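Undergrad: Sending over coords.tsv (TSV, C-alpha atoms).
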```tsv
chain	number	residue	atom	x	y	z
O	11	MET	CA	-11.63	17.41	10.89
O	12	GLY	CA	-9.15	19.08	8.64
O	13	LEU	CA	-8.07	19.04	5.05
O	14	PHE	CA	-7.36	15.31	4.76
O	15	LYS	CA	-10.24	13.37	6.34
O	16	ARG	CA	-9.34	10.03	4.75
O	17	ILE	CA	-5.77	9.05	3.95
O	18	LEU	CA	-4.73	5.84	2.26
O	19	VAL	CA	-1.09	4.88	2.87
O	20	ALA	CA	0.21	2.24	0.48
O	21	ILE	CA	3.26	0.38	1.74
O	22	ASP	CA	5.49	-2.41	0.48
O	23	PHE	CA	7.81	-2.53	3.52
O	24	SER	CA	10.62	-0.68	1.71
O	25	ASP	CA	12.54	2.21	3.29
O	26	PHE	CA	10.45	4.57	1.15
O	27	SER	CA	7.29	3.05	2.64
O	28	GLN	CA	8.63	3.56	6.13
O	29	GLU	CA	9.05	7.26	5.36
O	30	ALA	CA	5.56	7.39	3.82
O	31	ILE	CA	3.97	5.93	6.94
O	32	ARG	CA	5.97	8.30	9.17
O	33	ILE	CA	4.73	11.30	7.18
O	34	SER	CA	1.18	9.91	7.23
O	35	SER	CA	1.23	9.71	11.01
O	36	GLY	CA	2.23	13.38	11.08
O	37	LEU	CA	-0.67	14.24	8.79
O	38	ALA	CA	-3.01	12.17	10.96
O	39	ASN	CA	-1.81	14.06	14.03
O	40	ALA	CA	-2.47	17.35	12.28
O	41	PHE	CA	-5.82	16.53	10.67
O	42	GLY	CA	-7.31	13.59	12.57
O	43	GLY	CA	-9.73	11.64	10.42
O	44	GLU	CA	-9.23	8.12	9.13
O	45	VAL	CA	-6.11	6.38	7.86
O	46	LEU	CA	-6.02	3.11	5.96
O	47	VAL	CA	-2.57	1.53	5.81
O	48	LEU	CA	-2.68	-0.85	2.85
O	49	HIS	CA	-0.25	-3.51	1.69
O	50	VAL	CA	-0.91	-5.25	-1.61
O	51	CYS	CA	0.48	-8.73	-2.21
O	52	LYS	CA	1.01	-8.90	-5.94
O	53	THR	CA	-1.01	-11.73	-7.46
O	54	HIS	CA	1.11	-13.90	-9.68
O	55	ARG	CA	-0.36	-14.90	-13.00
O	56	ALA	CA	-0.49	-18.55	-11.89
O	57	VAL	CA	-3.00	-17.72	-9.13
O	58	ASP	CA	-5.10	-15.34	-11.18
O	59	PRO	CA	-8.74	-16.28	-10.46
O	60	THR	CA	-9.42	-16.69	-14.19
O	61	LEU	CA	-6.87	-19.51	-14.30
O	62	LEU	CA	-8.02	-21.35	-11.19
O	63	ALA	CA	-10.29	-23.59	-13.24
O	64	ALA	CA	-7.17	-25.65	-13.99
O	65	ARG	CA	-6.32	-26.26	-10.31
O	66	SER	CA	-3.41	-28.45	-9.49
O	67	LYS	CA	-1.23	-29.12	-6.48
O	68	ALA	CA	1.14	-26.38	-7.65
O	69	VAL	CA	-1.62	-23.77	-7.83
O	70	ASN	CA	-2.94	-24.81	-4.40
O	71	SER	CA	0.58	-24.53	-2.99
O	72	MET	CA	0.91	-21.04	-4.43
O	73	LEU	CA	-2.43	-20.05	-2.89
O	74	GLU	CA	-1.26	-21.33	0.50
O	75	LEU	CA	1.97	-19.39	0.12
O	76	GLN	CA	0.01	-16.24	-0.71
O	77	LYS	CA	-2.16	-16.71	2.41
O	78	GLU	CA	0.96	-17.07	4.56
O	79	MET	CA	2.49	-13.97	2.98
O	80	ALA	CA	-0.69	-12.02	3.71
O	81	LYS	CA	-0.69	-13.22	7.32
O	82	GLU	CA	2.94	-12.13	7.74
O	83	ALA	CA	2.20	-8.79	6.08
O	84	SER	CA	-0.68	-8.19	8.54
O	85	LYS	CA	1.68	-8.73	11.48
O	86	ARG	CA	4.26	-6.38	9.99
O	87	LEU	CA	1.59	-3.70	9.37
O	88	GLU	CA	0.57	-3.79	13.01
O	89	GLU	CA	4.21	-3.44	14.08
O	90	TRP	CA	4.80	-0.54	11.71
O	91	ILE	CA	1.79	1.47	12.87
O	92	GLY	CA	2.36	0.63	16.52
O	93	TYR	CA	5.50	2.69	16.98
O	94	LEU	CA	4.03	5.93	15.57
O	95	GLN	CA	1.76	8.59	17.06
O	96	TRP	CA	-1.54	8.90	15.22
O	97	GLY	CA	-3.30	11.53	17.35
O	98	THR	CA	-7.08	11.26	17.14
O	99	ALA	CA	-7.04	9.53	13.75
O	100	GLU	CA	-8.73	6.16	13.40
O	101	VAL	CA	-6.11	3.83	11.89
O	102	LYS	CA	-6.96	0.60	10.10
O	103	THR	CA	-4.73	-1.87	8.30
O	104	GLU	CA	-5.54	-4.02	5.33
O	105	VAL	CA	-3.74	-6.60	3.23
O	106	ALA	CA	-5.10	-7.21	-0.25
O	107	SER	CA	-3.93	-9.06	-3.31
O	108	GLY	CA	-3.92	-8.14	-6.96
O	109	ALA	CA	-2.16	-5.67	-9.22
O	110	PRO	CA	-0.87	-3.10	-6.70
O	111	TYR	CA	-1.73	0.09	-8.61
O	112	LYS	CA	-5.25	-1.17	-9.36
O	113	VAL	CA	-5.92	-2.23	-5.77
O	114	ILE	CA	-4.54	1.06	-4.40
O	115	THR	CA	-6.58	3.29	-6.72
O	116	ASN	CA	-9.74	1.18	-6.31
O	117	ARG	CA	-9.52	1.17	-2.50
O	118	ALA	CA	-8.88	4.93	-2.51
O	119	LYS	CA	-12.12	5.41	-4.48
O	120	GLU	CA	-14.05	2.99	-2.29
O	121	ILE	CA	-13.11	4.72	0.96
O	122	GLY	CA	-13.39	8.23	-0.50
O	123	ALA	CA	-9.72	8.99	0.16
O	124	ASP	CA	-8.69	12.64	0.10
O	125	LEU	CA	-5.02	11.68	-0.24
O	126	ILE	CA	-2.87	8.67	-1.13
O	127	VAL	CA	0.60	8.58	0.44
O	128	MET	CA	3.25	6.19	-0.86
O	129	GLY	CA	6.96	5.90	-1.42
O	130	SER	CA	8.41	7.31	-4.62
O	131	TYR	CA	10.15	3.98	-5.14
O	132	GLY	CA	9.48	0.56	-3.76
O	133	ARG	CA	11.00	-2.85	-3.70
O	134	SER	CA	10.85	-3.44	-7.45
O	135	GLY	CA	14.20	-1.84	-8.33
O	136	PHE	CA	15.32	-2.86	-11.83
O	137	ALA	CA	11.88	-4.15	-12.82
O	138	ARG	CA	10.53	-0.62	-12.27
O	139	MET	CA	12.69	0.64	-15.15
O	140	LEU	CA	11.27	-2.01	-17.46
O	141	ILE	CA	7.56	-1.83	-16.71
O	142	GLY	CA	7.02	1.46	-14.86
O	143	SER	CA	6.62	2.03	-11.16
O	144	THR	CA	3.52	1.40	-9.13
O	145	THR	CA	3.73	4.98	-7.84
O	146	GLU	CA	3.76	6.37	-11.38
O	147	LYS	CA	0.69	4.31	-12.29
O	148	VAL	CA	-1.13	5.39	-9.13
O	149	VAL	CA	-0.35	9.06	-9.85
O	150	ARG	CA	-1.83	8.67	-13.35
O	151	LYS	CA	-4.92	6.67	-12.31
O	152	ALA	CA	-5.87	8.11	-8.90
O	153	THR	CA	-8.90	10.37	-8.53
O	154	CYS	CA	-7.39	12.16	-5.51
O	155	PRO	CA	-4.00	13.77	-4.85
O	156	VAL	CA	-1.01	11.45	-4.41
O	157	LEU	CA	1.88	12.36	-2.13
O	158	SER	CA	5.00	10.58	-3.38
O	159	VAL	CA	7.54	10.35	-0.56
O	160	ASN	CA	11.29	10.29	-1.06
O	161	LEU	CA	13.93	9.43	1.53
O	162	PRO	CA	15.51	12.51	3.13
O	163	ALA	CA	19.02	11.09	2.58
O	164	LEU	CA	18.39	10.92	-1.19
O	165	ALA	CA	17.17	14.49	-1.40
O	166	LYS	CA	20.58	15.89	-0.48
```
I need this file expressed as structure tokens, please.

TA:
Amino acid sequence: MGLFKRILVAIDFSDFSQEAIRISSGLANAFGGEVLVLHVCKTHRAVDPTLLAARSKAVNSMLELQKEMAKEASKRLEEWIGYLQWGTAEVKTEVASGAPYKVITNRAKEIGADLIVMGSYGRSGFARMLIGSTTEKVVRKATCPVLSVNLPALAK
């Protein structure tokens, strides 16, 4: 095994994520090892476990919607990794829910990631300017290096 034995790739299905997963497959080809491709479904405040004591039909509906979103995300993850070459790397996918930067940094610690790869921007657009990007938070909180991937067309 090479330099990066465990890579966590965080994706949100944006164009930047597509580039991050493409680069990760190249790293996996070069270094082998293990790759975890992770998508985090952001938990809305209404389905926060601390608020579930006040269950209602609306909360149950939101929980069902979140399950369906996770199921769809799992299918998309499999499609995304299926068209790339991963060499000898063992590739796993995972869909989790919660605050994306917290889930990403916690999972990286749990698996002993040597590298986190993610897009420099995601789907959040304008909201990113107001509350800070997930990538920025991961860079600040991660205990391993973070490779922030830009789109080649934007680098020109």

Undergrad: So for range 102-109 of chain O, what box centre and size do we get, axis-aligned, 3 Å extra on each of the six sides, every listed atom, Å to one decimal, as AutoDock Vina command-line options?

TA:
```
--center_x -4.6 --center_y -4.2 --center_z 0.4 --size_x 10.8 --size_y 15.7 --size_z 25.3
```

Undergrad: Tell me, as a ChimeraX atom specification, which residues lie within 9 Å of range 74-82 of chain O, counting all atoms listed in the file; anything in the same chain fewer than 4 positions away does not count.

TA: /O:49-51,53,69-70,86-87,105-107

Undergrad: Next, the residues of the selection above should be written as a PDB file, in the coordinates of the input with C-alpha atoms.

TA:
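Okay, result_36.pdb is ready:
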```pdb
ATOM      1  CA  HIS O  49      -0.250  -3.510   1.690  1.00  0.00           C
ATOM      2  CA  VAL O  50      -0.910  -5.250  -1.610  1.00  0.00           C
ATOM      3  CA  CYS O  51       0.480  -8.730  -2.210  1.00  0.00           C
ATOM      4  CA  THR O  53      -1.010 -11.730  -7.460  1.00  0.00           C
ATOM      5  CA  VAL O  69      -1.620 -23.770  -7.830  1.00  0.00           C
ATOM      6  CA  ASN O  70      -2.940 -24.810  -4.400  1.00  0.00           C
ATOM      7  CA  ARG O  86       4.260  -6.380   9.990  1.00  0.00           C
ATOM      8  CA  LEU O  87       1.590  -3.700   9.370  1.00  0.00           C
ATOM      9  CA  VAL O 105      -3.740  -6.600   3.230  1.00  0.00           C
ATOM     10  CA  ALA O 106      -5.100  -7.210  -0.250  1.00  0.00           C
ATOM     11  CA  SER O 107      -3.930  -9.060  -3.310  1.00  0.00           C
TER      12      SER O 107
END
```

Undergrad: Mind giving me the straight-line distance from CA of Gly36 in chain O to CA of Ile114 in chain O in Å, one decimal?

TA: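 Distance reported for this atom pair: 20.9 Å.
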
Undergrad: Can you work out the spacing between CA of Pro162 in chain O and CA of Ala20 in chain O in Å, to one decimal?

TA: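 Between CA of Pro162 in chain O and CA of Ala20 in chain O the gap works out to 18.6 Å.
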
Undergrad: Can you work out the spacing between CA of Phe14 in chain O and CA of Gly42 in chain O in Å, to one decimal?

TA: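 Answer for the CA of Phe14 in chain O to CA of Gly42 in chain O separation: 8.0 Å.
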
Undergrad: Which of these residues is nearest to Val148 in chain O, using all atoms listed in the file: O:Asn160, O:Thr98, O:Ser130, O:Thr115?

TA: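 Ranked by minimum distance to Val148 in chain O, first place goes to O:Thr115.
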
Undergrad: Go through O:Ile121, O:Met72, O:Leu48, O:Phe41 one by one, measure the shortest atom-to-atom distance of each to Lys102 in chain O using all atoms listed in the file, and give the residue with the smallest value.

TA: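 Distance minimum relative to Lys102 in chain O lands on O:Leu48.
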
Undergrad: Could you add whatever atoms are missing so that range 73-98 of chain O carries N, CA and C atoms, then write the result as a CSV table (one decimal), keeping the file's coordinate frame?

TA:
```
chain,number,residue,atom,x,y,z
O,73,LEU,N,-1.4,-20.7,-3.6
O,73,LEU,CA,-2.4,-20.0,-2.9
O,73,LEU,C,-2.1,-20.1,-1.4
O,74,GLU,N,-1.6,-21.2,-0.9
O,74,GLU,CA,-1.3,-21.3,0.5
O,74,GLU,C,-0.1,-20.4,0.8
O,75,LEU,N,0.9,-20.3,-0.1
O,75,LEU,CA,2.0,-19.4,0.1
O,75,LEU,C,1.5,-18.0,0.2
O,76,GLN,N,0.6,-17.6,-0.7
O,76,GLN,CA,0.0,-16.2,-0.7
O,76,GLN,C,-0.7,-15.9,0.6
O,77,LYS,N,-1.5,-16.9,1.1
O,77,LYS,CA,-2.2,-16.7,2.4
O,77,LYS,C,-1.2,-16.5,3.5
O,78,GLU,N,-0.1,-17.2,3.5
O,78,GLU,CA,1.0,-17.1,4.6
O,78,GLU,C,1.6,-15.7,4.4
O,79,MET,N,1.9,-15.3,3.2
O,79,MET,CA,2.5,-14.0,3.0
O,79,MET,C,1.6,-12.9,3.5
O,80,ALA,N,0.3,-13.0,3.2
O,80,ALA,CA,-0.7,-12.0,3.7
O,80,ALA,C,-0.7,-12.0,5.2
O,81,LYS,N,-0.7,-13.2,5.9
O,81,LYS,CA,-0.7,-13.2,7.3
O,81,LYS,C,0.5,-12.5,7.9
O,82,GLU,N,1.7,-12.8,7.3
O,82,GLU,CA,2.9,-12.1,7.7
O,82,GLU,C,2.9,-10.6,7.5
O,83,ALA,N,2.3,-10.2,6.4
O,83,ALA,CA,2.2,-8.8,6.1
O,83,ALA,C,1.3,-8.1,7.1
O,84,SER,N,0.2,-8.8,7.5
O,84,SER,CA,-0.7,-8.2,8.5
O,84,SER,C,0.1,-8.0,9.8
O,85,LYS,N,0.9,-8.9,10.3
O,85,LYS,CA,1.7,-8.7,11.5
O,85,LYS,C,2.6,-7.6,11.4
O,86,ARG,N,3.3,-7.5,10.2
O,86,ARG,CA,4.3,-6.4,10.0
O,86,ARG,C,3.6,-5.0,10.0
O,87,LEU,N,2.4,-5.0,9.4
O,87,LEU,CA,1.6,-3.7,9.4
O,87,LEU,C,1.3,-3.2,10.8
O,88,GLU,N,0.9,-4.1,11.6
O,88,GLU,CA,0.6,-3.8,13.0
O,88,GLU,C,1.8,-3.3,13.7
O,89,GLU,N,3.0,-3.9,13.5
O,89,GLU,CA,4.2,-3.4,14.1
O,89,GLU,C,4.6,-2.0,13.6
O,90,TRP,N,4.4,-1.8,12.3
O,90,TRP,CA,4.8,-0.5,11.7
O,90,TRP,C,3.9,0.6,12.2
O,91,ILE,N,2.6,0.4,12.4
O,91,ILE,CA,1.8,1.5,12.9
O,91,ILE,C,1.9,1.6,14.4
O,92,GLY,N,2.3,0.6,15.1
O,92,GLY,CA,2.4,0.6,16.5
O,92,GLY,C,3.4,1.6,17.1
O,93,TYR,N,4.5,1.9,16.4
O,93,TYR,CA,5.5,2.7,17.0
O,93,TYR,C,5.3,4.2,16.6
O,94,LEU,N,4.2,4.5,16.0
O,94,LEU,CA,4.0,5.9,15.6
O,94,LEU,C,2.9,6.5,16.3
O,95,GLN,N,2.8,7.9,16.4
O,95,GLN,CA,1.8,8.6,17.1
O,95,GLN,C,0.8,9.0,16.0
O,96,TRP,N,-0.5,8.6,16.2
O,96,TRP,CA,-1.5,8.9,15.2
O,96,TRP,C,-2.6,9.9,15.7
O,97,GLY,N,-2.4,10.5,16.8
O,97,GLY,CA,-3.3,11.5,17.4
O,97,GLY,C,-4.7,11.0,17.5
O,98,THR,N,-5.7,11.7,17.0
O,98,THR,CA,-7.1,11.3,17.1
O,98,THR,C,-7.5,10.5,15.9
```
